[in-house]
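**Q** Handing you a structure now.
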Amino acid sequence: PFADFGVLFDSDDFYAKSKIFNAGGCINPIIGMVNALLDVGRTVNILLSSQEDEYQNHKALVVAQLDKMSDERIEKLITYARNGGKLLVVGEDASIRFLDKTGGKYNGKKSGRVYINSGEYFSLAHDARMKYEDMTCLDLVEGEGYLYCDRSINYPLAPAYRIDKVGKGCIAYLPLEFGNWYLAQSNLAKQGYIKNITDVLVESSVEVDKKNIDITTQRDGDTVIVNLVNINQSRHSLSYTSYDEVMPIKDVTIKINAPYKSVTLPFNEKHSVEYKEDSVVIKLDQLDIHTVIICK
């Protein structure tokens, strides 16, 4: 397997935050970030603390509110960035730890309501049921876009994100508890927000023009295998554990950003293929539950 983003799990962070008999909620930031990245059409893997050899199979690594990581692991990740890697650090406290070690600017936390403006939609960043006084974001001083303290562009609060060049690579800072808040309440504004950041950070390996399709990618020698899964019933609800019907997704266009010479669909769905100099475009009449695209 390979993916655009490797979302890190950290055992030190997990055990520092878990209670003796109940670790519930400790990995919510990770689940929320995985859901958010999948919702905007990105390929994602979860990487354990022991899987440093897998970093090379991902375009960027995500630190999802892992503010209890050891200093040693943070130094390793900064070294990874200095050597050409890309990091997305999510959360105020996690960002502070990385900024302190790299000399990056910030101006402490701001509390109160936090609104996201994705350019098309405005939304509270957090779950509306939470108390406003519990909301904080880190003021990065400089950066791209704005977080807001009201549903108006007249009340900017802090930069929406910042990408700092570090050696040959970079570290992107997303200065709020995005993983937790996305898991609690996802919406189009939050999806637009994370998509804006990820699109700047790395080019997508596979692009699909319809929502509710999960993408996974695998490599077997010179062959790349792209799996598409129809999740029209949504991944976010635990109210149902099975469905009697999943509605098909019609007229799907898939762009694979690599110059392959041969593309096949072994399930023989009706489709067309256009080979370009730097990519391949597949038009699929209908995605039922799952299909595979084999590229050589």
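Following the order of the structure tokens, chains are lettered A, B, ..., residues in each are numbered from 1, and ligands are numbered from 1.
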Skipping near chain neighbours, those fewer than 6 positions away, what residues fall within 9 Å of A:Lys168 using only C-alpha atoms, listed as a PyMOL selection string?
**A** chain A and resi 81-85
**Q** A:Ile163: which residues within 10 Å, counting only C-alpha atoms, same-chain residues fewer than 5 positions away excluded, as a compact mmCIF listing (two decimals) with C-alpha atoms, in the first residue's frame?
**A**
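Final output, saved to result18.txt:
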# COMPACT_ATOMS: atom_id res chain seq x y z
CA LYS A 86 6.29 17.11 4.44
CA LEU A 87 4.43 17.22 7.76
CA LEU A 88 0.91 18.40 8.60
CA VAL A 89 0.75 19.15 12.32
CA GLU A 142 1.39 34.92 9.94
CA GLY A 143 -0.22 32.48 7.55
CA GLU A 144 -2.86 31.81 4.92
CA CYS A 170 8.17 21.78 5.11
CA ILE A 171 5.84 21.67 8.10
CA ALA A 172 2.21 22.81 7.75
CA TYR A 173 0.46 23.95 10.93
CA LEU A 174 -3.31 23.62 11.34
CA ILE A 197 -4.62 22.94 2.86
CA VAL A 200 -1.41 23.25 -1.41
CA LEU A 201 0.69 20.66 0.43
**Q** Compile the contact shell of A:Met135 as an NGL selection string: residues with an atom at most 8 Å away, counting only C-alpha atoms, same-chain residues fewer than 6 positions apart removed.
**A** :A and (111-114 or 126)
**Q** I'd like the contact shell of A:Pro248 - 8 Å cut-off, only C-alpha atoms, skipping same-chain residues fewer than 6 positions apart - returned as an MDAnalysis selection string.
**A** chainID A and resid 230 232 286:289
**Q** For the selection just defined, write its residues with C-alpha atoms to a file, as a compact mmCIF listing (two decimals), in the first residue's frame.
**A**
# COMPACT_ATOMS: atom_id res chain seq x y z
CA ASN A 230 -18.86 3.39 -2.98
CA ASN A 232 -22.98 6.44 -0.47
CA GLN A 286 -21.37 3.46 -12.93
CA LEU A 287 -19.74 2.50 -9.63
CA ASP A 288 -21.82 -0.07 -7.78
CA ILE A 289 -20.01 -1.19 -4.61
**Q** Select, from A:Ser279, A:Gln218, A:Ser242, A:Asn28, the residue with the minimum atom-to-atom distance to A:Ile294, counting only C-alpha atoms.
**A** A:Gln218
**Q** Enumerate the residues of stretch 57-97 of chain A with a DSSP assignment of strand (DSSP E or B), computed from the backbone, and present them as a PyMOL selection string.
**A** chain A and resi 58-64+86-90
**Q** Quick one: write out the picked residues with all heavy atoms as a PDB file, in the first residue's frame?
**A**
ATOM      1  N   HIS A  58       4.600   7.617   1.364  1.00  0.00           N
ATOM      2  CA  HIS A  58       3.563   8.634   1.544  1.00  0.00           C
ATOM      3  C   HIS A  58       4.117  10.005   1.167  1.00  0.00           C
ATOM      4  O   HIS A  58       5.288  10.294   1.388  1.00  0.00           O
ATOM      5  CB  HIS A  58       3.075   8.637   2.997  1.00  0.00           C
ATOM      6  CG  HIS A  58       2.535   7.301   3.420  1.00  0.00           C
ATOM      7  ND1 HIS A  58       3.363   6.263   3.816  1.00  0.00           N
ATOM      8  CD2 HIS A  58       1.267   6.826   3.474  1.00  0.00           C
ATOM      9  CE1 HIS A  58       2.616   5.205   4.100  1.00  0.00           C
ATOM     10  NE2 HIS A  58       1.357   5.526   3.901  1.00  0.00           N
ATOM     11  N   LYS A  59       3.270  10.841   0.592  1.00  0.00           N
ATOM     12  CA  LYS A  59       3.712  12.176   0.193  1.00  0.00           C
ATOM     13  C   LYS A  59       3.824  13.120   1.390  1.00  0.00           C
ATOM     14  O   LYS A  59       4.580  14.085   1.349  1.00  0.00           O
ATOM     15  CB  LYS A  59       2.744  12.752  -0.840  1.00  0.00           C
ATOM     16  CG  LYS A  59       2.751  12.005  -2.170  1.00  0.00           C
ATOM     17  CD  LYS A  59       1.831  12.680  -3.169  1.00  0.00           C
ATOM     18  CE  LYS A  59       1.876  11.991  -4.513  1.00  0.00           C
ATOM     19  NZ  LYS A  59       0.993  12.657  -5.510  1.00  0.00           N
ATOM     20  N   ALA A  60       3.034  12.871   2.437  1.00  0.00           N
ATOM     21  CA  ALA A  60       3.080  13.713   3.633  1.00  0.00           C
ATOM     22  C   ALA A  60       2.642  12.892   4.839  1.00  0.00           C
ATOM     23  O   ALA A  60       1.875  11.927   4.702  1.00  0.00           O
ATOM     24  CB  ALA A  60       2.182  14.941   3.476  1.00  0.00           C
ATOM     25  N   LEU A  61       3.117  13.276   5.999  1.00  0.00           N
ATOM     26  CA  LEU A  61       2.732  12.630   7.253  1.00  0.00           C
ATOM     27  C   LEU A  61       1.888  13.603   8.071  1.00  0.00           C
ATOM     28  O   LEU A  61       2.101  14.814   8.034  1.00  0.00           O
ATOM     29  CB  LEU A  61       3.969  12.227   8.062  1.00  0.00           C
ATOM     30  CG  LEU A  61       4.973  11.297   7.364  1.00  0.00           C
ATOM     31  CD1 LEU A  61       6.140  11.000   8.310  1.00  0.00           C
ATOM     32  CD2 LEU A  61       4.307   9.999   6.919  1.00  0.00           C
ATOM     33  N   VAL A  62       0.925  13.061   8.825  1.00  0.00           N
ATOM     34  CA  VAL A  62      -0.003  13.881   9.596  1.00  0.00           C
ATOM     35  C   VAL A  62       0.165  13.583  11.084  1.00  0.00           C
ATOM     36  O   VAL A  62       0.063  12.424  11.509  1.00  0.00           O
ATOM     37  CB  VAL A  62      -1.467  13.618   9.180  1.00  0.00           C
ATOM     38  CG1 VAL A  62      -2.416  14.513   9.982  1.00  0.00           C
ATOM     39  CG2 VAL A  62      -1.643  13.834   7.684  1.00  0.00           C
ATOM     40  N   VAL A  63       0.418  14.628  11.866  1.00  0.00           N
ATOM     41  CA  VAL A  63       0.479  14.541  13.327  1.00  0.00           C
ATOM     42  C   VAL A  63      -0.835  15.096  13.844  1.00  0.00           C
ATOM     43  O   VAL A  63      -1.026  16.309  13.924  1.00  0.00           O
ATOM     44  CB  VAL A  63       1.681  15.339  13.875  1.00  0.00           C
ATOM     45  CG1 VAL A  63       1.714  15.275  15.397  1.00  0.00           C
ATOM     46  CG2 VAL A  63       2.987  14.830  13.284  1.00  0.00           C
ATOM     47  N   ALA A  64      -1.772  14.226  14.180  1.00  0.00           N
ATOM     48  CA  ALA A  64      -3.137  14.634  14.524  1.00  0.00           C
ATOM     49  C   ALA A  64      -3.284  14.792  16.040  1.00  0.00           C
ATOM     50  O   ALA A  64      -3.671  13.860  16.746  1.00  0.00           O
ATOM     51  CB  ALA A  64      -4.152  13.612  13.992  1.00  0.00           C
ATOM     52  N   LYS A  86       7.338  16.125   4.158  1.00  0.00           N
ATOM     53  CA  LYS A  86       6.294  17.108   4.437  1.00  0.00           C
ATOM     54  C   LYS A  86       5.457  16.619   5.621  1.00  0.00           C
ATOM     55  O   LYS A  86       5.033  15.467   5.651  1.00  0.00           O
ATOM     56  CB  LYS A  86       5.402  17.305   3.215  1.00  0.00           C
ATOM     57  CG  LYS A  86       6.136  17.906   2.021  1.00  0.00           C
ATOM     58  CD  LYS A  86       5.211  18.101   0.837  1.00  0.00           C
ATOM     59  CE  LYS A  86       5.954  18.766  -0.326  1.00  0.00           C
ATOM     60  NZ  LYS A  86       5.071  19.000  -1.488  1.00  0.00           N
ATOM     61  N   LEU A  87       5.231  17.532   6.574  1.00  0.00           N
ATOM     62  CA  LEU A  87       4.430  17.223   7.760  1.00  0.00           C
ATOM     63  C   LEU A  87       3.220  18.142   7.814  1.00  0.00           C
ATOM     64  O   LEU A  87       3.317  19.323   7.479  1.00  0.00           O
ATOM     65  CB  LEU A  87       5.236  17.427   9.043  1.00  0.00           C
ATOM     66  CG  LEU A  87       6.454  16.554   9.302  1.00  0.00           C
ATOM     67  CD1 LEU A  87       7.117  16.981  10.613  1.00  0.00           C
ATOM     68  CD2 LEU A  87       6.075  15.080   9.363  1.00  0.00           C
ATOM     69  N   LEU A  88       2.086  17.597   8.251  1.00  0.00           N
ATOM     70  CA  LEU A  88       0.910  18.397   8.596  1.00  0.00           C
ATOM     71  C   LEU A  88       0.669  18.190  10.083  1.00  0.00           C
ATOM     72  O   LEU A  88       0.319  17.086  10.519  1.00  0.00           O
ATOM     73  CB  LEU A  88      -0.311  17.953   7.786  1.00  0.00           C
ATOM     74  CG  LEU A  88      -1.659  18.592   8.153  1.00  0.00           C
ATOM     75  CD1 LEU A  88      -1.588  20.109   8.019  1.00  0.00           C
ATOM     76  CD2 LEU A  88      -2.785  18.030   7.291  1.00  0.00           C
ATOM     77  N   VAL A  89       0.890  19.233  10.869  1.00  0.00           N
ATOM     78  CA  VAL A  89       0.747  19.154  12.325  1.00  0.00           C
ATOM     79  C   VAL A  89      -0.573  19.808  12.705  1.00  0.00           C
ATOM     80  O   VAL A  89      -0.798  20.992  12.421  1.00  0.00           O
ATOM     81  CB  VAL A  89       1.928  19.847  13.042  1.00  0.00           C
ATOM     82  CG1 VAL A  89       1.749  19.770  14.558  1.00  0.00           C
ATOM     83  CG2 VAL A  89       3.253  19.201  12.628  1.00  0.00           C
ATOM     84  N   VAL A  90      -1.439  19.051  13.376  1.00  0.00           N
ATOM     85  CA  VAL A  90      -2.803  19.486  13.697  1.00  0.00           C
ATOM     86  C   VAL A  90      -2.936  19.665  15.202  1.00  0.00           C
ATOM     87  O   VAL A  90      -2.545  18.783  15.974  1.00  0.00           O
ATOM     88  CB  VAL A  90      -3.839  18.456  13.190  1.00  0.00           C
ATOM     89  CG1 VAL A  90      -5.256  18.947  13.476  1.00  0.00           C
ATOM     90  CG2 VAL A  90      -3.644  18.175  11.711  1.00  0.00           C
TER      91      VAL A  90
END
**Q** Tell me, in Å to one decimal, how far atom CA of A:Trp181 is from atom CA of A:Leu124.
**A** 9.5 Å
**Q** Within 10 Å of A:Ser186, counting only C-alpha atoms, which residues qualify if same-chain residues fewer than 5 places away don't, as a PyMOL selection string?
**A** chain A and resi 32+35-36+39+125-127+179+181+191+236
**Q** Can you spit out the residues from that selection as a PDB file, in the first residue's frame, using all heavy atoms?
**A**
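Contents of result.pdb, freshly written:
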ATOM      1  N   GLY A  32     -10.866  11.321  13.269  1.00  0.00           N
ATOM      2  CA  GLY A  32     -11.414  12.504  12.620  1.00  0.00           C
ATOM      3  C   GLY A  32     -10.589  12.944  11.430  1.00  0.00           C
ATOM      4  O   GLY A  32     -11.130  13.293  10.372  1.00  0.00           O
ATOM      5  N   ASN A  35     -11.054  10.443   8.531  1.00  0.00           N
ATOM      6  CA  ASN A  35     -12.352  10.694   7.889  1.00  0.00           C
ATOM      7  C   ASN A  35     -12.316  11.939   7.010  1.00  0.00           C
ATOM      8  O   ASN A  35     -12.822  11.942   5.884  1.00  0.00           O
ATOM      9  CB  ASN A  35     -13.444  10.849   8.945  1.00  0.00           C
ATOM     10  CG  ASN A  35     -13.876   9.523   9.538  1.00  0.00           C
ATOM     11  OD1 ASN A  35     -13.502   8.455   9.063  1.00  0.00           O
ATOM     12  ND2 ASN A  35     -14.665   9.585  10.602  1.00  0.00           N
ATOM     13  N   ALA A  36     -11.725  13.007   7.522  1.00  0.00           N
ATOM     14  CA  ALA A  36     -11.689  14.267   6.780  1.00  0.00           C
ATOM     15  C   ALA A  36     -10.898  14.116   5.479  1.00  0.00           C
ATOM     16  O   ALA A  36     -11.329  14.574   4.414  1.00  0.00           O
ATOM     17  CB  ALA A  36     -11.076  15.373   7.642  1.00  0.00           C
ATOM     18  N   ASP A  39     -12.824  12.078   3.042  1.00  0.00           N
ATOM     19  CA  ASP A  39     -13.987  12.822   2.551  1.00  0.00           C
ATOM     20  C   ASP A  39     -13.631  13.805   1.446  1.00  0.00           C
ATOM     21  O   ASP A  39     -14.500  14.189   0.662  1.00  0.00           O
ATOM     22  CB  ASP A  39     -14.673  13.571   3.704  1.00  0.00           C
ATOM     23  CG  ASP A  39     -15.524  12.661   4.571  1.00  0.00           C
ATOM     24  OD1 ASP A  39     -15.794  11.519   4.155  1.00  0.00           O
ATOM     25  OD2 ASP A  39     -15.928  13.101   5.673  1.00  0.00           O
ATOM     26  N   ALA A 125     -16.092  25.846  13.804  1.00  0.00           N
ATOM     27  CA  ALA A 125     -15.094  24.789  13.646  1.00  0.00           C
ATOM     28  C   ALA A 125     -15.427  23.581  14.511  1.00  0.00           C
ATOM     29  O   ALA A 125     -15.126  22.451  14.155  1.00  0.00           O
ATOM     30  CB  ALA A 125     -13.710  25.320  14.021  1.00  0.00           C
ATOM     31  N   HIS A 126     -16.077  23.816  15.639  1.00  0.00           N
ATOM     32  CA  HIS A 126     -16.335  22.761  16.619  1.00  0.00           C
ATOM     33  C   HIS A 126     -17.795  22.339  16.590  1.00  0.00           C
ATOM     34  O   HIS A 126     -18.608  22.884  15.837  1.00  0.00           O
ATOM     35  CB  HIS A 126     -15.943  23.245  18.011  1.00  0.00           C
ATOM     36  CG  HIS A 126     -16.514  24.598  18.336  1.00  0.00           C
ATOM     37  ND1 HIS A 126     -17.783  24.776  18.816  1.00  0.00           N
ATOM     38  CD2 HIS A 126     -15.971  25.834  18.213  1.00  0.00           C
ATOM     39  CE1 HIS A 126     -18.012  26.062  18.990  1.00  0.00           C
ATOM     40  NE2 HIS A 126     -16.926  26.730  18.627  1.00  0.00           N
ATOM     41  N   ASP A 127     -18.125  21.385  17.396  1.00  0.00           N
ATOM     42  CA  ASP A 127     -19.502  20.927  17.558  1.00  0.00           C
ATOM     43  C   ASP A 127     -20.297  22.040  18.246  1.00  0.00           C
ATOM     44  O   ASP A 127     -19.897  22.574  19.273  1.00  0.00           O
ATOM     45  CB  ASP A 127     -19.503  19.665  18.421  1.00  0.00           C
ATOM     46  CG  ASP A 127     -20.876  19.020  18.539  1.00  0.00           C
ATOM     47  OD1 ASP A 127     -21.884  19.718  18.324  1.00  0.00           O
ATOM     48  OD2 ASP A 127     -20.945  17.822  18.845  1.00  0.00           O
ATOM     49  N   GLY A 179      -9.228  17.383  14.205  1.00  0.00           N
ATOM     50  CA  GLY A 179      -9.619  15.975  14.195  1.00  0.00           C
ATOM     51  C   GLY A 179     -10.790  15.688  15.114  1.00  0.00           C
ATOM     52  O   GLY A 179     -11.776  15.051  14.719  1.00  0.00           O
ATOM     53  N   TRP A 181     -12.987  17.831  16.316  1.00  0.00           N
ATOM     54  CA  TRP A 181     -14.179  18.578  15.929  1.00  0.00           C
ATOM     55  C   TRP A 181     -14.797  18.038  14.644  1.00  0.00           C
ATOM     56  O   TRP A 181     -16.006  18.068  14.478  1.00  0.00           O
ATOM     57  CB  TRP A 181     -13.842  20.066  15.804  1.00  0.00           C
ATOM     58  CG  TRP A 181     -13.454  20.680  17.121  1.00  0.00           C
ATOM     59  CD1 TRP A 181     -13.602  20.119  18.357  1.00  0.00           C
ATOM     60  CD2 TRP A 181     -12.846  21.949  17.345  1.00  0.00           C
ATOM     61  NE1 TRP A 181     -13.128  20.968  19.337  1.00  0.00           N
ATOM     62  CE2 TRP A 181     -12.659  22.102  18.745  1.00  0.00           C
ATOM     63  CE3 TRP A 181     -12.436  22.977  16.510  1.00  0.00           C
ATOM     64  CZ2 TRP A 181     -12.084  23.227  19.318  1.00  0.00           C
ATOM     65  CZ3 TRP A 181     -11.870  24.113  17.078  1.00  0.00           C
ATOM     66  CH2 TRP A 181     -11.692  24.235  18.471  1.00  0.00           C
ATOM     67  N   GLN A 191     -14.742  20.428   5.248  1.00  0.00           N
ATOM     68  CA  GLN A 191     -14.152  19.706   4.124  1.00  0.00           C
ATOM     69  C   GLN A 191     -13.415  20.660   3.195  1.00  0.00           C
ATOM     70  O   GLN A 191     -12.303  20.364   2.731  1.00  0.00           O
ATOM     71  CB  GLN A 191     -15.236  18.935   3.378  1.00  0.00           C
ATOM     72  CG  GLN A 191     -15.780  17.754   4.166  1.00  0.00           C
ATOM     73  CD  GLN A 191     -17.021  17.139   3.544  1.00  0.00           C
ATOM     74  OE1 GLN A 191     -17.344  17.395   2.390  1.00  0.00           O
ATOM     75  NE2 GLN A 191     -17.728  16.332   4.311  1.00  0.00           N
ATOM     76  N   HIS A 236     -19.768   8.054   8.526  1.00  0.00           N
ATOM     77  CA  HIS A 236     -19.771   8.752   9.807  1.00  0.00           C
ATOM     78  C   HIS A 236     -20.804   8.235  10.797  1.00  0.00           C
ATOM     79  O   HIS A 236     -20.672   8.438  11.987  1.00  0.00           O
ATOM     80  CB  HIS A 236     -19.982  10.249   9.581  1.00  0.00           C
ATOM     81  CG  HIS A 236     -18.884  10.875   8.790  1.00  0.00           C
ATOM     82  ND1 HIS A 236     -17.621  11.036   9.287  1.00  0.00           N
ATOM     83  CD2 HIS A 236     -18.839  11.326   7.519  1.00  0.00           C
ATOM     84  CE1 HIS A 236     -16.860  11.591   8.372  1.00  0.00           C
ATOM     85  NE2 HIS A 236     -17.565  11.772   7.284  1.00  0.00           N
TER      86      HIS A 236
END
**Q** Skip A:Lys211 itself and residues of its chain fewer than 2 positions away, then list as a PDB file with C-alpha atoms, in the first residue's frame all residues within 9 Å of it, counting only C-alpha atoms.
**A**
ATOM      1  CA  ASP A  39     -13.987  12.822   2.551  1.00  0.00           C
ATOM      2  CA  VAL A  40     -11.975  15.150   0.312  1.00  0.00           C
ATOM      3  CA  GLY A  41     -10.829  12.277  -1.897  1.00  0.00           C
ATOM      4  CA  VAL A 208     -12.336  11.479  -8.504  1.00  0.00           C
ATOM      5  CA  ASP A 209     -15.052  13.947  -9.512  1.00  0.00           C
ATOM      6  CA  ILE A 213     -15.983   7.359  -3.015  1.00  0.00           C
ATOM      7  CA  ASP A 214     -13.060   6.056  -0.977  1.00  0.00           C
ATOM      8  CA  ILE A 231     -19.716   4.723   0.496  1.00  0.00           C
ATOM      9  CA  ASN A 232     -22.976   6.436  -0.474  1.00  0.00           C
TER      10      ASN A 232
END
**Q** Could you work out how far atom CA of A:Arg151 lies from atom CA of A:Leu138, giving the answer in Å with one decimal?
**A** 18.7 Å
**Q** Taking the backbone alone, and naming residues the way the document does, which bits of stretch 30-262 of chain A are helix (DSSP H, G or I) by DSSP, as number ranges by chain?
**A** A: 30-39, 52-57, 71-82, 92-102, 132-134, 178-184, 188-201
**Q** My list of candidates is A:Ala128, A:Leu140, A:Val229, A:Ile153. Which is closest to A:His290 when distances are computed with only C-alpha atoms?
**A**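 Closest candidate: A:Val229.
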**Q** Determine the nearest neighbour of A:Val292 from the options A:Val280, A:Leu228, A:Val273, A:Cys26, counting only C-alpha atoms.
**A** A:Leu228
**Q** Please determine, counting only C-alpha atoms, which residue among A:Asn196, A:Asn180, A:Thr264, A:Thr43 has the shortest atom-to-atom distance to A:Ile27.
**A**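 Ranking A:Asn196, A:Asn180, A:Thr264, A:Thr43 by distance to A:Ile27, first place goes to A:Asn180.
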